[in-house]
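Visitor: Structure file run-v3.txt (compact mmCIF, C-alpha atoms and all ligand atoms) right here:
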# COMPACT_ATOMS: atom_id res chain seq x y z
CA MET A 23 95.69 108.30 95.13
CA SER A 24 98.67 108.18 97.45
CA ILE A 25 98.73 106.46 100.82
CA ARG A 26 101.39 106.02 103.51
CA THR A 27 101.02 103.56 106.33
CA LEU A 28 102.97 102.96 109.50
CA ILE A 29 102.42 100.01 111.80
CA ASN A 30 103.06 101.34 115.29
CA PRO A 31 105.79 99.24 116.93
CA ASN A 32 104.82 100.59 120.37
CA ALA A 33 101.08 99.90 120.21
CA ARG A 34 99.48 98.41 123.35
CA LYS A 35 96.05 97.01 123.97
CA ILE A 36 95.76 98.55 127.43
CA LEU A 37 97.32 101.81 128.59
CA ASP A 38 97.89 103.20 132.04
CA GLY A 39 95.53 105.95 133.27
CA PRO A 40 94.17 108.48 133.81
CA TYR A 41 90.98 106.79 132.67
CA PRO A 42 88.00 108.80 131.55
CA ASP A 43 85.00 109.28 133.82
CA ARG A 44 81.48 110.54 133.20
CA ALA A 45 81.85 114.01 134.73
CA PRO A 46 82.07 115.73 131.31
CA LEU A 47 78.92 113.89 130.17
CA ARG A 48 77.03 115.09 133.27
CA PHE A 49 78.22 118.63 132.51
CA HIS A 50 77.24 118.54 128.83
CA ARG A 51 73.77 117.24 129.68
CA ARG A 52 73.11 120.53 131.47
CA LEU A 53 74.02 122.70 128.47
CA PRO A 54 71.21 124.24 126.40
CA GLY A 55 70.23 122.07 123.46
CA TYR A 56 72.06 118.96 124.65
CA GLU A 57 71.01 115.81 122.85
CA GLU A 58 72.85 112.58 122.20
CA THR A 59 74.13 112.55 118.62
CA PRO A 60 73.03 109.63 116.44
CA LEU A 61 74.97 106.40 116.13
CA VAL A 62 74.08 105.49 112.55
CA ASP A 63 74.11 101.87 111.47
CA ALA A 64 75.28 102.23 107.85
CA PRO A 65 74.92 98.97 105.86
CA LYS A 66 75.72 100.67 102.54
CA LEU A 67 79.06 101.83 103.92
CA ALA A 68 79.69 98.34 105.30
CA GLY A 69 79.02 97.01 101.78
CA ALA A 70 81.36 99.56 100.18
CA LEU A 71 84.12 98.64 102.63
CA GLY A 72 83.43 94.90 102.54
CA VAL A 73 83.11 94.66 106.33
CA GLY A 74 80.41 93.28 108.61
CA LYS A 75 79.03 96.46 110.12
CA VAL A 76 79.71 100.18 110.12
CA PHE A 77 78.60 102.48 112.90
CA VAL A 78 78.99 106.21 112.33
CA LYS A 79 78.86 108.51 115.31
CA ASP A 80 77.37 111.50 113.55
CA GLU A 81 78.63 114.76 115.05
CA SER A 82 77.38 116.96 112.21
CA SER A 83 75.12 118.67 114.73
CA ARG A 84 76.33 118.92 118.31
CA LEU A 85 74.97 121.49 120.75
CA GLY A 86 73.90 123.63 117.81
CA LEU A 87 77.25 123.55 115.97
CA PRO A 88 78.34 121.42 113.00
CA ALA A 89 81.20 119.57 114.75
CA PHE A 90 82.01 117.70 117.97
CA LYS A 91 84.57 120.24 119.14
CA ILE A 92 82.30 122.13 121.52
CA LEU A 93 82.43 119.09 123.81
CA GLY A 94 86.11 119.75 124.53
CA ALA A 95 85.93 123.55 124.46
CA SER A 96 82.99 123.80 126.85
CA TRP A 97 84.42 121.38 129.44
CA ALA A 98 87.84 123.07 129.32
CA VAL A 99 86.31 126.53 129.74
CA TYR A 100 84.18 125.30 132.64
CA ARG A 101 87.13 123.72 134.46
CA ALA A 102 89.42 126.71 133.82
CA LEU A 103 86.80 129.21 135.06
CA GLU A 104 86.11 127.08 138.12
CA GLU A 105 89.81 127.20 138.89
CA ARG A 106 89.90 130.99 138.48
CA LEU A 107 86.94 131.38 140.82
CA GLY A 108 88.99 129.65 143.49
CA ASP A 109 87.39 128.35 146.69
CA GLU A 110 83.88 129.56 145.89
CA GLY A 111 83.89 127.67 142.55
CA PHE A 112 80.56 127.34 140.74
CA GLY A 113 78.86 125.33 143.48
CA ASP A 114 75.65 123.50 142.60
CA TRP A 115 73.95 124.56 139.40
CA GLU A 116 71.35 123.30 136.97
CA GLU A 117 71.33 125.76 134.10
CA ILE A 118 73.94 127.78 132.29
CA TRP A 119 72.58 131.19 133.38
CA GLU A 120 73.57 130.25 136.93
CA LEU A 121 77.17 129.88 135.77
CA GLU A 122 76.96 133.21 133.98
CA GLU A 123 75.82 134.90 137.20
CA ARG A 124 78.68 133.43 139.21
CA LEU A 125 81.28 134.85 136.86
CA GLU A 126 80.72 138.48 137.94
CA SER A 127 83.98 138.71 139.91
CA LEU A 128 86.02 137.68 136.87
CA ARG A 129 84.63 140.22 134.39
CA PRO A 130 85.73 141.67 132.02
CA LEU A 131 87.12 138.45 130.63
CA SER A 132 87.75 137.16 127.12
CA LEU A 133 88.36 133.64 125.89
CA VAL A 134 91.19 133.33 123.38
CA ALA A 135 91.88 130.47 120.96
CA ALA A 136 93.67 129.59 117.76
CA THR A 137 91.83 127.41 115.32
CA ASP A 138 91.67 125.82 111.94
CA GLY A 139 87.91 126.16 112.18
CA ASN A 140 85.78 124.18 114.55
CA HIS A 141 87.57 124.62 117.88
CA GLY A 142 87.60 128.42 117.57
CA ARG A 143 83.95 128.54 116.64
CA ALA A 144 83.17 126.35 119.64
CA VAL A 145 85.16 128.59 122.01
CA ALA A 146 83.37 131.63 120.58
CA ARG A 147 79.99 129.94 121.17
CA VAL A 148 80.86 129.06 124.77
CA ALA A 149 82.00 132.65 125.36
CA ARG A 150 78.68 133.88 124.08
CA LEU A 151 76.73 131.47 126.27
CA LEU A 152 78.61 132.76 129.32
CA GLY A 153 78.52 136.45 128.34
CA LEU A 154 82.31 136.62 127.86
CA GLY A 155 84.39 138.15 125.05
CA ALA A 156 86.15 136.00 122.45
CA LYS A 157 89.26 136.60 120.39
CA ILE A 158 90.03 133.88 117.83
CA PHE A 159 93.28 133.63 115.82
CA VAL A 160 93.07 131.88 112.45
CA PRO A 161 95.63 130.93 109.76
CA ASP A 162 95.56 133.01 106.58
CA GLU A 163 94.57 129.94 104.50
CA MET A 164 91.19 129.63 106.24
CA VAL A 165 88.27 129.97 103.84
CA LEU A 166 85.93 132.92 104.31
CA ALA A 167 82.91 130.76 105.20
CA ARG A 168 84.67 129.35 108.27
CA ARG A 169 85.99 132.77 109.34
CA GLU A 170 82.52 134.26 109.03
CA ALA A 171 81.01 131.44 111.05
CA ILE A 172 83.35 132.32 113.93
CA ALA A 173 82.63 136.04 113.62
CA ASP A 174 78.89 135.28 113.63
CA GLU A 175 79.31 133.87 117.13
CA GLY A 176 80.26 137.41 118.17
CA ALA A 177 84.02 136.80 118.28
CA GLU A 178 86.80 139.06 117.11
CA VAL A 179 88.60 137.08 114.36
CA ILE A 180 92.29 137.83 113.84
CA VAL A 181 93.95 136.47 110.71
CA VAL A 182 97.57 135.48 111.34
CA ASP A 183 100.05 135.62 108.49
CA GLY A 184 100.98 131.93 108.61
CA THR A 185 99.86 128.39 109.45
CA TYR A 186 97.65 127.02 112.21
CA ASP A 187 100.77 126.40 114.30
CA GLU A 188 101.72 130.06 113.97
CA ALA A 189 98.20 131.06 114.98
CA VAL A 190 98.60 128.89 118.10
CA GLU A 191 101.87 130.64 118.98
CA ARG A 192 100.28 134.04 118.46
CA SER A 193 97.25 133.21 120.62
CA ALA A 194 99.45 131.95 123.46
CA ARG A 195 100.93 135.43 123.83
CA GLU A 196 97.49 136.78 124.81
CA ALA A 197 97.38 134.96 128.17
CA GLY A 198 96.66 137.36 131.02
CA GLU A 199 94.44 138.31 133.93
CA ARG A 200 91.59 139.42 131.67
CA THR A 201 92.11 136.75 129.02
CA LEU A 202 91.93 132.99 129.21
CA VAL A 203 93.61 130.97 126.46
CA ILE A 204 91.59 127.86 125.61
CA SER A 205 93.73 125.81 123.24
CA ASP A 206 93.33 122.22 122.13
CA MET A 207 97.05 122.26 121.35
CA SER A 208 99.52 121.97 124.25
CA TRP A 209 103.15 122.82 124.88
CA PRO A 210 105.47 122.72 127.89
CA GLY A 211 103.86 124.70 130.71
CA TYR A 212 100.44 124.75 129.03
CA GLU A 213 98.98 121.34 129.66
CA ARG A 214 95.98 121.47 131.97
CA ILE A 215 93.51 123.18 129.65
CA PRO A 216 94.30 120.94 126.64
CA SER A 217 93.94 117.91 128.96
CA TRP A 218 90.46 119.10 129.85
CA VAL A 219 89.70 119.46 126.13
CA ILE A 220 90.54 115.76 125.72
CA GLU A 221 88.39 114.87 128.73
CA GLY A 222 85.48 116.79 127.22
CA TYR A 223 85.49 114.63 124.10
CA SER A 224 84.80 111.55 126.25
CA THR A 225 81.08 112.39 126.17
CA MET A 226 80.91 111.00 122.61
CA LEU A 227 82.45 107.73 123.73
CA TRP A 228 80.11 107.26 126.69
CA GLU A 229 77.15 107.95 124.43
CA ILE A 230 78.39 105.26 122.03
CA ASP A 231 78.81 102.73 124.87
CA ASP A 232 75.34 103.48 126.20
CA GLU A 233 73.72 103.27 122.79
CA LEU A 234 75.39 99.96 121.91
CA GLU A 235 74.24 98.58 125.24
CA ARG A 236 70.65 99.73 124.61
CA ARG A 237 70.78 97.98 121.23
CA ASN A 238 72.36 94.88 122.73
CA GLU A 239 75.27 95.24 120.32
CA ALA A 240 78.88 94.27 120.94
CA GLY A 241 81.57 96.95 120.77
CA PRO A 242 83.56 97.63 117.59
CA ASP A 243 86.58 95.63 116.38
CA LEU A 244 88.10 98.59 114.57
CA VAL A 245 87.86 102.31 115.32
CA VAL A 246 89.11 104.95 112.88
CA VAL A 247 89.99 108.47 114.03
CA GLN A 248 91.04 111.50 112.06
CA VAL A 249 94.02 113.34 113.54
CA GLY A 250 94.96 117.01 113.62
CA VAL A 251 96.88 117.65 116.86
CA GLY A 252 95.70 114.29 118.25
CA ALA A 253 93.43 115.46 121.10
CA PHE A 254 90.39 113.70 119.65
CA ALA A 255 92.42 110.53 119.00
CA ALA A 256 93.69 110.69 122.59
CA ALA A 257 90.13 110.72 123.92
CA VAL A 258 89.23 107.73 121.75
CA ALA A 259 92.39 105.82 122.70
CA ARG A 260 91.96 106.53 126.42
CA HIS A 261 88.45 105.17 126.25
CA PHE A 262 89.22 101.99 124.32
CA ARG A 263 92.60 101.35 125.92
CA SER A 264 91.32 101.47 129.49
CA PRO A 265 91.23 98.09 131.27
CA GLU A 266 87.50 98.57 131.87
CA ALA A 267 86.59 99.26 128.23
CA SER A 268 83.73 97.12 126.94
CA SER A 269 85.97 96.15 123.98
CA HIS A 270 89.61 96.69 123.02
CA PRO A 271 89.38 97.32 119.28
CA LYS A 272 92.18 98.07 116.87
CA LEU A 273 92.69 101.81 116.39
CA MET A 274 93.68 103.45 113.12
CA SER A 275 94.51 107.13 112.61
CA VAL A 276 94.08 109.13 109.41
CA GLU A 277 95.95 112.33 108.54
CA PRO A 278 96.43 114.40 105.39
CA ALA A 279 99.64 113.50 103.54
CA SER A 280 100.70 117.15 103.75
CA ALA A 281 100.26 117.33 107.56
CA ASP A 282 100.99 113.82 108.82
CA CYS A 283 102.60 115.00 112.03
CA LEU A 284 101.51 112.03 114.15
CA LEU A 285 102.73 109.44 111.66
CA GLU A 286 106.09 111.24 111.34
CA SER A 287 106.41 111.57 115.11
CA VAL A 288 105.63 107.91 115.79
CA GLU A 289 108.17 106.98 113.14
CA ALA A 290 110.77 109.27 114.74
CA GLY A 291 109.95 108.04 118.25
CA SER A 292 109.28 111.57 119.55
CA ILE A 293 107.27 114.66 118.63
CA VAL A 294 108.43 116.27 115.38
CA SER A 295 107.06 119.15 113.30
CA VAL A 296 105.98 118.76 109.71
CA PRO A 297 106.68 121.95 107.72
CA GLY A 298 103.85 123.72 105.87
CA PRO A 299 102.12 124.53 103.67
CA HIS A 300 99.35 122.45 105.25
CA ASP A 301 96.80 122.83 102.52
CA SER A 302 94.58 119.78 102.65
CA ILE A 303 90.84 120.22 102.13
CA MET A 304 90.58 118.26 105.43
CA SER A 305 91.21 121.60 107.04
CA GLY A 306 90.62 120.52 110.65
CA LEU A 307 93.61 118.22 110.25
CA ASN A 308 96.04 120.85 108.91
CA CYS A 309 98.31 120.76 111.95
CA GLY A 310 102.09 120.49 111.87
CA LYS A 311 102.76 119.07 115.34
CA PRO A 312 100.99 116.69 117.71
CA SER A 313 99.85 117.95 121.08
CA LEU A 314 102.18 117.25 124.00
CA VAL A 315 99.42 116.02 126.31
CA ALA A 316 97.92 113.76 123.63
CA TRP A 317 101.28 112.23 122.73
CA PRO A 318 101.74 109.64 125.53
CA THR A 319 98.32 108.18 124.70
CA VAL A 320 98.28 108.38 120.93
CA SER A 321 101.88 107.25 120.46
CA ARG A 322 101.04 103.94 122.19
CA GLY A 323 97.30 103.70 121.64
CA ILE A 324 97.10 103.71 117.83
CA ASP A 325 97.89 100.47 116.00
CA LEU A 326 98.11 101.76 112.46
CA LEU A 327 98.79 105.30 111.18
CA VAL A 328 97.66 106.25 107.70
CA ALA A 329 98.25 109.42 105.65
CA VAL A 330 96.27 110.12 102.50
CA ASP A 331 95.79 112.87 99.94
CA ASP A 332 92.46 114.65 99.50
CA GLU A 333 90.72 112.44 96.95
CA PRO A 334 89.58 109.72 99.40
CA ALA A 335 87.94 112.38 101.57
CA ARG A 336 85.89 113.61 98.60
CA GLU A 337 84.80 110.10 97.75
CA ALA A 338 83.96 109.45 101.40
CA MET A 339 81.80 112.60 101.54
CA ARG A 340 79.76 111.32 98.60
CA LEU A 341 79.46 107.82 100.05
CA ALA A 342 78.39 109.22 103.40
CA ALA A 343 75.76 111.38 101.66
CA ASP A 344 74.46 108.23 99.99
CA SER A 345 73.84 106.85 103.49
CA GLY A 346 72.05 110.04 104.54
CA ILE A 347 75.02 111.48 106.45
CA VAL A 348 76.17 115.05 105.81
CA SER A 349 79.92 114.86 106.13
CA GLY A 350 82.40 117.69 105.62
CA GLU A 351 85.94 117.16 104.37
CA THR A 352 87.42 116.61 107.83
CA GLY A 353 84.40 114.65 109.00
CA ALA A 354 84.82 112.17 106.13
CA ALA A 355 88.58 111.76 106.59
CA GLY A 356 88.32 108.57 108.66
CA LEU A 357 86.10 106.83 106.14
CA GLY A 358 88.30 108.10 103.29
CA GLY A 359 91.44 106.78 104.93
CA LEU A 360 89.90 103.37 105.50
CA LEU A 361 88.64 103.15 101.92
CA ALA A 362 92.10 104.04 100.65
CA LEU A 363 93.77 101.48 102.91
CA LEU A 364 91.44 98.68 101.88
CA ARG A 365 92.16 99.33 98.21
CA ALA A 366 95.85 100.14 98.28
CA GLY A 367 98.30 97.82 96.60
CA GLY A 368 101.18 96.77 98.84
CA ALA A 369 99.30 97.43 102.09
CA GLU A 370 98.64 93.78 103.01
CA GLU A 371 100.69 93.90 106.18
CA ALA A 372 98.91 97.06 107.33
CA ARG A 373 95.54 95.46 106.68
CA MET A 374 96.63 92.35 108.55
CA THR A 375 97.60 94.49 111.53
CA LEU A 376 94.01 95.65 111.71
CA GLY A 377 92.62 92.22 110.94
CA VAL A 378 89.90 93.72 108.72
CA GLY A 379 87.57 91.21 107.12
CA GLU A 380 83.97 90.59 106.18
CA ASP A 381 82.86 90.24 109.83
CA THR A 382 84.66 93.29 111.18
CA ARG A 383 82.59 95.83 113.08
CA VAL A 384 83.88 99.32 112.32
CA LEU A 385 83.25 102.54 114.23
CA LEU A 386 83.77 105.82 112.36
CA PHE A 387 83.28 109.42 113.46
CA ASN A 388 81.63 111.95 111.22
CA SER A 389 83.35 114.65 113.22
CA GLU A 390 81.91 117.57 111.23
CA GLY A 391 79.07 118.40 108.88
CA ALA A 392 79.20 120.75 105.87
CA THR A 393 81.19 123.58 107.44
CA ASP A 394 81.94 125.13 104.02
CA SER A 395 78.68 124.78 102.13
CA ASP A 396 80.00 125.93 98.72
CA ALA A 397 82.83 123.40 98.84
CA TYR A 398 80.36 120.73 99.99
CA ARG A 399 78.12 121.37 96.97
CA ARG A 400 81.10 121.23 94.62
CA VAL A 401 82.20 117.85 96.01
CA MET A 402 78.66 116.46 95.77
CA ALA A 403 78.41 117.60 92.15
CA GLY A 404 81.84 116.14 91.33
C1 LIG A 501 85.97 118.12 112.54
C2 LIG A 501 87.27 117.73 113.13
N1 LIG A 501 87.58 116.44 113.22
C3 LIG A 501 88.75 116.04 113.75
C4 LIG A 501 89.67 116.96 114.20
C5 LIG A 501 90.96 116.48 114.76
O1 LIG A 501 91.05 116.71 116.14
P1 LIG A 501 92.47 116.89 116.81
O2 LIG A 501 93.04 118.20 116.35
O3 LIG A 501 92.20 116.86 118.26
O4 LIG A 501 93.32 115.76 116.35
C6 LIG A 501 89.38 118.34 114.12
C7 LIG A 501 90.32 119.34 114.60
O5 LIG A 501 90.13 120.53 114.48
C8 LIG A 501 88.15 118.73 113.57
O6 LIG A 501 87.81 120.01 113.44
Could you write out this structure as structure tokens?
Ligand SMILES: Cc1ncc(COP(=O)(O)O)c(C=O)c1O

Guide:
Amino acid sequence: MSIRTLINPNARKILDGPYPDRAPLRFHRRLPGYEETPLVDAPKLAGALGVGKVFVKDESSRLGLPAFKILGASWAVYRALEERLGDEGFGDWEEIWELEERLESLRPLSLVAATDGNHGRAVARVARLLGLGAKIFVPDEMVLARREAIADEGAEVIVVDGTYDEAVERSAREAGERTLVISDMSWPGYERIPSWVIEGYSTMLWEIDDELERRNEAGPDLVVVQVGVGAFAAAVARHFRSPEASSHPKLMSVEPASADCLLESVEAGSIVSVPGPHDSIMSGLNCGKPSLVAWPTVSRGIDLLVAVDDEPAREAMRLAADSGIVSGETGAAGLGGLLALLRAGGAEEARMTLGVGEDTRVLLFNSEGATDSDAYRRVMAG
């Protein structure tokens, strides 16, 4: 097992705004099949980690898909379409078919995205719900099961000869009057839609707050997030770094050693690219560059950055299964990174930064279920 850690010299407990609000949550509640995802109290995981409590926000089934990503994709599509509709907007609505009806003036229209799996599938699903086309660009490394899952949503899947970052570049060229690019990655001049993606993820955080309050539980002391381009981490950091947050826990990020673009960027003090191949089994994290709009938040919001190889993710998948949680490779990355950190020789200072001990209350995100079922079975058997 290899692990790299970086204590963030710029970490702050409270960040300046914009602070999240509940508008995305109100939107998601109106989507078909909306249900709060479970916040699992996992004593076996707490035992394995030697901490007081572990909560797992289990996103293995969210709005009918096996990952949380549709929260960001759906909110970004909604906001972008509303903007295209101009003054008339969507007006009042209760159900999704009303939105579909109000899109007549924009048709024909296709949603375009690049993806390393879950975001593209989510965009394709939203397109289908709204009766729009979908064109999804994927890196050539993507396993067939994930490509097929996107195609099964009715999308055209285009395999790009290159990495996820190259797929993003290719998809950006599609922007036009009849196409709307919905990316979770951002670059100069393309910032609004990826900011809405981050806003959309806030639904998970409000659900956690509400559930902890219902259970009369205090907030976490430590939150672990897995990082690809950093949009998800930005949503988590915005929530817990707002002055009004119910708690201000320590935040730790986990990336694959072969695609640790956030760790490298924080070390360099500005956004840098990590060259491919990005071939981790934590495929949702195979990104070579952090997102521009996530950067101001994540570069100051995360206390400790960790990069690990694939083995901890496999172990974490098995441990999660033992607690009744179906966790795919990317979904288990946060738990895997924390396990690796707690065991690693020479990481005392990093552990002290987090202040982890036997009373610590940890929040983890199972951000995806078994999105590649053959690989999942192999890991379980291993
Ligand atoms: C399941 C899952 N978890 C976490 C992430 C990381 O999110 P981000 O790319 O916003 O850092 C992804 C990204 O695709 C993902 O698919």

Visitor: Which is closest to Glu337 of chain A among A:Ala259, A:Ala281, A:Ala355, A:Ile220, if we use all atoms listed in the file?

Guide: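 Answer, going by the shortest atom-to-atom distance: A:Ala355.
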
Visitor: Let me have all residues with an atom within 6 Å of ligand LIG 501 (chain A), counting all atoms listed in the file, laid out as a list in words.

Guide: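 The distance check yields Ala89, Asn140, His141, Gln248, Val249, Gly250, Val251, Gly252, Ala253, Phe254, Ala255, Gly306, Leu307, Thr352, Gly353, Ser389 and Glu390 of chain A.
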
Visitor: Looking at A:Glu199, A:Gly108, A:Leu128, A:Asp187, which one is nearest to Pro297 of chain A, with distances taken over all atoms listed in the file?

Guide: A:Asp187

Visitor: Which neighbours of segment 30-39 of chain A fall inside 10 Å, counting only C-alpha atoms, when residues of the same chain fewer than 6 positions from it are skipped, and could you give them as a PyMOL selection string?

Guide: chain A and resi 259-267+270-274+285+288-289+291+318-327+372+375

Visitor: Output C-alpha atoms for every residue in that selection, as a PDB file, in the frame of the given file.

Guide:
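Saved as again.pdb:
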ATOM      1  CA  ALA A 259      92.390 105.820 122.700  1.00  0.00           C
ATOM      2  CA  ARG A 260      91.960 106.530 126.420  1.00  0.00           C
ATOM      3  CA  HIS A 261      88.450 105.170 126.250  1.00  0.00           C
ATOM      4  CA  PHE A 262      89.220 101.990 124.320  1.00  0.00           C
ATOM      5  CA  ARG A 263      92.600 101.350 125.920  1.00  0.00           C
ATOM      6  CA  SER A 264      91.320 101.470 129.490  1.00  0.00           C
ATOM      7  CA  PRO A 265      91.230  98.090 131.270  1.00  0.00           C
ATOM      8  CA  GLU A 266      87.500  98.570 131.870  1.00  0.00           C
ATOM      9  CA  ALA A 267      86.590  99.260 128.230  1.00  0.00           C
ATOM     10  CA  HIS A 270      89.610  96.690 123.020  1.00  0.00           C
ATOM     11  CA  PRO A 271      89.380  97.320 119.280  1.00  0.00           C
ATOM     12  CA  LYS A 272      92.180  98.070 116.870  1.00  0.00           C
ATOM     13  CA  LEU A 273      92.690 101.810 116.390  1.00  0.00           C
ATOM     14  CA  MET A 274      93.680 103.450 113.120  1.00  0.00           C
ATOM     15  CA  LEU A 285     102.730 109.440 111.660  1.00  0.00           C
ATOM     16  CA  VAL A 288     105.630 107.910 115.790  1.00  0.00           C
ATOM     17  CA  GLU A 289     108.170 106.980 113.140  1.00  0.00           C
ATOM     18  CA  GLY A 291     109.950 108.040 118.250  1.00  0.00           C
ATOM     19  CA  PRO A 318     101.740 109.640 125.530  1.00  0.00           C
ATOM     20  CA  THR A 319      98.320 108.180 124.700  1.00  0.00           C
ATOM     21  CA  VAL A 320      98.280 108.380 120.930  1.00  0.00           C
ATOM     22  CA  SER A 321     101.880 107.250 120.460  1.00  0.00           C
ATOM     23  CA  ARG A 322     101.040 103.940 122.190  1.00  0.00           C
ATOM     24  CA  GLY A 323      97.300 103.700 121.640  1.00  0.00           C
ATOM     25  CA  ILE A 324      97.100 103.710 117.830  1.00  0.00           C
ATOM     26  CA  ASP A 325      97.890 100.470 116.000  1.00  0.00           C
ATOM     27  CA  LEU A 326      98.110 101.760 112.460  1.00  0.00           C
ATOM     28  CA  LEU A 327      98.790 105.300 111.180  1.00  0.00           C
ATOM     29  CA  ALA A 372      98.910  97.060 107.330  1.00  0.00           C
ATOM     30  CA  THR A 375      97.600  94.490 111.530  1.00  0.00           C
TER      31      THR A 375
END

Visitor: One decimal, in Å: what's the spacing between atom CA of Asp43 of chain A and atom CA of Lys91 of chain A?

Guide: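 So the two atoms, atom CA of Asp43 of chain A and atom CA of Lys91 of chain A, lie 18.3 Å apart.
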
Visitor: Separation of atom CA of Gly404 of chain A and atom CA of Val378 of chain A, in Å?

Guide: 29.5 Å

Visitor: Can you work out which one of A:Asp301, A:Glu371, A:Asp243, A:Glu221 has the shortest atom-to-atom distance to Ala98 of chain A, counting all atoms listed in the file?

Guide: A:Glu221

Visitor: Write out as a PyMOL selection string which residues come within 8 Å of Val62 of chain A when counting all atoms listed in the file, dropping same-chain ones fewer than 5 positions away.

Guide: chain A and resi 77-80

Visitor: Could you list, as a PyMOL selection string, every residue within 12 Å of Ala354 of chain A, counting only C-alpha atoms and ignoring same-chain residues fewer than 2 positions away?

Guide: chain A and resi 78-82+89+246-249+276-278+303-307+332-343+347-352+356-361+386-392+398+401

Visitor: Skipping near chain neighbours, those fewer than 5 positions away, what residues fall within 8 Å of Ala362 of chain A using all atoms listed in the file, listed as JSON, numbers by chain?

Guide: {"A": [23, 25, 330, 334]}

Visitor: When you draw a straight line from atom CA of Val296 of chain A to atom CA of Gly94 of chain A, how long is it in Å?

Guide: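 The value is 24.8 Å.
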
Visitor: Could you list, as a list in words, every residue within 7 Å of segment 222-224 of chain A, counting all atoms listed in the file and ignoring same-chain residues fewer than 6 positions away?

Guide: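 Within the cut-off, the hits are Pro42, Pro46, Leu93, Gly94, Trp97, Phe254 and Ala257 of chain A.
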
Visitor: With all atoms listed in the file as the basis for distance, which of A:Ile215, A:Leu107, A:Ile158, A:Leu376 is at the shortest distance from Ser127 of chain A?

Guide: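 Of A:Ile215, A:Leu107, A:Ile158, A:Leu376, the one nearest Ser127 of chain A, counting all atoms listed in the file, is A:Leu107.
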
Visitor: With only C-alpha atoms as the basis for distance, which of A:Ala189, A:Ser208, A:Ala329, A:Val145 is at the shortest distance from Val99 of chain A?

Guide: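 Using only C-alpha atoms, Val99 of chain A sits closest to A:Val145.
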
Visitor: Which residue out of A:Val134, A:Arg106, A:Leu151, A:Gly139 has the minimum interatomic distance to Met164 of chain A when all atoms listed in the file are used?

Guide: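 For Met164 of chain A, the nearest of the given residues is A:Gly139.
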
Visitor: Within 10 Å of (86.7, 132.9, 112.4) (coordinates as in the file), grab all the protein and nucleic acid residues, counting only C-alpha atoms, and write them out as a compact mmCIF listing (two decimals) with C-alpha atoms, keeping the file's coordinate frame.

Guide:
# COMPACT_ATOMS: atom_id res chain seq x y z
CA ALA A 136 93.67 129.59 117.76
CA THR A 137 91.83 127.41 115.32
CA ASP A 138 91.67 125.82 111.94
CA GLY A 139 87.91 126.16 112.18
CA ASN A 140 85.78 124.18 114.55
CA HIS A 141 87.57 124.62 117.88
CA GLY A 142 87.60 128.42 117.57
CA ARG A 143 83.95 128.54 116.64
CA ALA A 146 83.37 131.63 120.58
CA LYS A 157 89.26 136.60 120.39
CA ILE A 158 90.03 133.88 117.83
CA PHE A 159 93.28 133.63 115.82
CA VAL A 160 93.07 131.88 112.45
CA PRO A 161 95.63 130.93 109.76
CA MET A 164 91.19 129.63 106.24
CA VAL A 165 88.27 129.97 103.84
CA LEU A 166 85.93 132.92 104.31
CA ALA A 167 82.91 130.76 105.20
CA ARG A 168 84.67 129.35 108.27
CA ARG A 169 85.99 132.77 109.34
CA GLU A 170 82.52 134.26 109.03
CA ALA A 171 81.01 131.44 111.05
CA ILE A 172 83.35 132.32 113.93
CA ALA A 173 82.63 136.04 113.62
CA ASP A 174 78.89 135.28 113.63
CA GLU A 175 79.31 133.87 117.13
CA GLY A 176 80.26 137.41 118.17
CA ALA A 177 84.02 136.80 118.28
CA GLU A 178 86.80 139.06 117.11
CA VAL A 179 88.60 137.08 114.36
CA ILE A 180 92.29 137.83 113.84
CA VAL A 181 93.95 136.47 110.71
